[in-house]
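What follows is one structure encoded as structure tokens, with my remarks underneath.
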Amino acid sequence: MRNLILTLLLITVTPFFVNGQKTKGVVIKFPGSEQINEKYEVLKSDKSIKHGIYVSYHKERYNLEGDNLISQTGQYKNGKKDGMWTTYKPPTKKGSITHTGYRISEGEYKDGVKVGVWKTFKEEGKVVLQHDHDSNSDLEPIFYVYASYPAKAQDAGIQGTVKVSYSINTDCTISGLAITYGLEPECDNAALESIRELRRLMKKHSLNKICKAEDRTEEVKFELR
């Protein structure tokens, strides 16, 4: 079976210059290996001061190389972290599919201090926790849950919208999950499962643990692209 590499992000590293200061590239390799561990720039006038693009890498695995092994990206300004920094999980493999590019955290630095809203990615990227460093407060998470498009339905060219109704209880559980407008059995089941997963994640990670009792109808779309 042919292996498949799934990369979520394409990262392009470009030269970084600030105030016209000249920099020199530095490459550090893993001990006893030719694989790059870190690469960054330092000031030519003082090689102890990092200044410019910074990239670090995970140790080689699954015969991957280059951007598929990136561990962290960011930049330095006169020796201090500055601008956007992103940390990535090591590659993982499930069956014949290799996953790379899953983010762990992302946010901005200013003069070496975290500023603004930093994001932490949980549940394989389905949940994004948010912390505002300016106000030192947690914000409501963001949730990304997508229905799995059944291969059989794709092969048959089936697409459309499934409508799912359910009730939210005061303890944030749900009940009465039902299809009010179906498409085909496998798509209908995938839609139900996506709503179950979304509500499970919301109950687990939402800051508000008390919900308003209400009835809802959600639309789950299946589109061929």
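Chains: A, B, ... in order of the structure tokens. Residues: from 1 per chain. Ligands: from 1, in order shown.
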Among region 80-171 of chain A, which residues does DSSP mark as alpha helix (DSSP H) when it is run on the backbone? Keep the chain and numbering as in the structure and answer as a PyMOL selection string.
chain A and resi 151-155
With N, CA and C atoms kept, could you save the residues just selected as a compact mmCIF listing (two decimals), in the first residue's frame?
# COMPACT_ATOMS: atom_id res chain seq x y z
N ALA A 151 -16.73 7.60 1.69
CA ALA A 151 -16.16 7.35 0.37
C ALA A 151 -17.21 6.86 -0.62
N LYS A 152 -18.12 6.02 -0.12
CA LYS A 152 -19.17 5.48 -0.99
C LYS A 152 -20.03 6.59 -1.56
N ALA A 153 -20.37 7.58 -0.72
CA ALA A 153 -21.20 8.71 -1.17
C ALA A 153 -20.43 9.57 -2.17
N GLN A 154 -19.13 9.77 -1.93
CA GLN A 154 -18.32 10.55 -2.87
C GLN A 154 -18.25 9.85 -4.22
N ASP A 155 -17.99 8.55 -4.20
CA ASP A 155 -17.89 7.79 -5.45
C ASP A 155 -19.20 7.84 -6.24
Selection: 12 Å around region 112-128 of chain A, only C-alpha atoms, excl. self and same-chain fewer than 5 positions, as an mmCIF file with C-alpha atoms, in the first residue's frame:
data_model
loop_
_atom_site.group_PDB
_atom_site.id
_atom_site.type_symbol
_atom_site.label_atom_id
_atom_site.label_comp_id
_atom_site.auth_asym_id
_atom_site.auth_seq_id
_atom_site.Cartn_x
_atom_site.Cartn_y
_atom_site.Cartn_z
ATOM 1 C CA LEU A 8 -1.475 20.682 7.233
ATOM 2 C CA LYS A 50 20.070 36.297 17.424
ATOM 3 C CA GLY A 74 9.644 32.521 14.735
ATOM 4 C CA GLN A 75 11.994 35.436 14.611
ATOM 5 C CA TYR A 76 14.338 37.375 16.859
ATOM 6 C CA LYS A 77 14.941 41.087 17.042
ATOM 7 C CA ASN A 78 18.146 42.123 18.757
ATOM 8 C CA GLY A 79 18.268 38.929 20.814
ATOM 9 C CA LYS A 80 14.596 38.902 21.855
ATOM 10 C CA LYS A 81 11.696 36.910 20.450
ATOM 11 C CA ASP A 82 9.512 39.138 18.293
ATOM 12 C CA GLY A 83 6.521 38.669 16.024
ATOM 13 C CA MET A 84 4.648 35.436 15.379
ATOM 14 C CA TRP A 85 5.944 32.160 16.889
ATOM 15 C CA THR A 86 4.472 28.742 16.166
ATOM 16 C CA THR A 87 5.270 25.364 17.746
ATOM 17 C CA TYR A 88 4.441 22.094 15.956
ATOM 18 C CA LYS A 89 3.924 18.498 17.069
ATOM 19 C CA THR A 92 2.608 10.962 13.700
ATOM 20 C CA HIS A 99 0.419 13.520 9.621
ATOM 21 C CA THR A 100 2.697 16.542 9.831
ATOM 22 C CA GLY A 101 2.167 20.214 10.587
ATOM 23 C CA TYR A 102 -0.165 19.901 13.588
ATOM 24 C CA ARG A 103 0.251 23.057 15.646
ATOM 25 C CA ILE A 104 0.710 23.012 19.419
ATOM 26 C CA SER A 105 0.654 26.755 20.059
ATOM 27 C CA GLU A 106 0.804 30.043 18.208
ATOM 28 C CA GLY A 107 1.034 33.690 19.172
ATOM 29 C CA HIS A 133 -1.878 37.934 27.587
ATOM 30 C CA ASP A 134 -2.744 41.642 27.527
ATOM 31 C CA SER A 135 -5.644 41.157 29.962
ATOM 32 C CA ASN A 136 -4.331 37.872 31.436
ATOM 33 C CA SER A 137 -7.674 36.199 30.795
ATOM 34 C CA ASP A 138 -8.944 33.062 29.059
ATOM 35 C CA LEU A 139 -11.311 33.447 26.117
ATOM 36 C CA GLU A 140 -13.917 30.992 24.885
ATOM 37 C CA PRO A 141 -12.369 28.241 22.770
ATOM 38 C CA ILE A 142 -12.899 27.861 19.029
ATOM 39 C CA PHE A 143 -14.156 24.511 17.760
ATOM 40 C CA TYR A 144 -13.517 22.932 14.359
ATOM 41 C CA VAL A 145 -15.450 19.716 13.748
ATOM 42 C CA TYR A 146 -16.110 18.405 10.261
ATOM 43 C CA ALA A 147 -18.252 15.481 9.208
ATOM 44 C CA SER A 194 -20.091 15.188 13.927
ATOM 45 C CA GLU A 197 -18.327 15.115 18.693
ATOM 46 C CA LEU A 198 -18.863 18.879 18.634
ATOM 47 C CA ARG A 199 -21.078 18.830 21.719
ATOM 48 C CA ARG A 200 -18.639 16.488 23.522
ATOM 49 C CA LEU A 201 -15.771 18.885 22.898
ATOM 50 C CA MET A 202 -17.832 21.913 23.878
ATOM 51 C CA LYS A 203 -18.874 20.294 27.156
ATOM 52 C CA LYS A 204 -15.256 19.363 27.911
ATOM 53 C CA HIS A 205 -13.512 22.595 26.944
ATOM 54 C CA SER A 206 -15.999 25.483 27.114
#
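For Gly157 (chain A), the list of residues within 12 Å, based on only C-alpha atoms and with local chain neighbours fewer than 5 positions off taken out, reads Tyr149, Pro150, Ala151, Lys152, Leu183, Glu184, Phe222, Glu223, Leu224 and Arg225 of chain A.
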Backbone DSSP call of strand (DSSP E) for region 63-134 of chain A, listed as a ChimeraX atom specification: /A:70-77,80-81,83-88,92-94,97-100,103-110,113-122,127-132
| message | Just want the 8 Å neighbourhood of region 27-29 of chain A, counted on only C-alpha atoms, with same-chain residues fewer than 3 positions away dropped. Output as a VMD selection string. | response | chain A and resid 33 to 40
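For the choices A:Ile210, A:Val162, A:Ile53, A:Leu43, the atom-to-atom distance to Asp188 (chain A) is smallest for A:Val162 when using only C-alpha atoms.
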Practice problem: Find the spatial neighbours of Ser45 (chain A), counting only C-alpha atoms, within a cut-off of 12 Å - ignore same-chain residues fewer than 3 positions away - and output them as a PyMOL selection string. | Solution: chain A and resi 21-24+41-42+48-51+78
Please dump the current selection as a compact mmCIF listing (two decimals), in the first residue's frame; keep C-alpha atoms.
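Below is the file selection12.txt, written as the result:
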# COMPACT_ATOMS: atom_id res chain seq x y z
CA GLN A 21 21.60 45.36 10.31
CA LYS A 22 23.77 42.72 8.67
CA THR A 23 23.25 39.16 9.81
CA LYS A 24 25.01 35.83 9.46
CA GLU A 41 20.60 34.39 12.07
CA VAL A 42 22.88 36.41 14.32
CA SER A 48 25.88 36.14 20.44
CA ILE A 49 22.73 38.08 19.47
CA LYS A 50 20.07 36.30 17.42
CA HIS A 51 18.44 38.60 14.91
CA ASN A 78 18.15 42.12 18.76
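If you look at CA of Leu69 (chain A) and CA of Tyr57 (chain A), they are 5.4 Å away from each other.
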Min atom-atom distance to Thr217 (chain A) from the set A:Gly32, A:Pro90, A:Gly176, A:Gly66, counting only C-alpha atoms, belongs to A:Gly176
If you count only C-alpha atoms, the residue of A:Thr98, A:Glu219, A:Glu186, A:Pro31 closest to Asn63 (chain A) turns out to be A:Thr98
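If you look at CA of Leu177 (chain A) and CA of Ser165 (chain A), they are 5.8 Å away from each other.
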Pairwise distance, CA of Glu108 (chain A) with CA of Lys44 (chain A), equals 25.7 Å
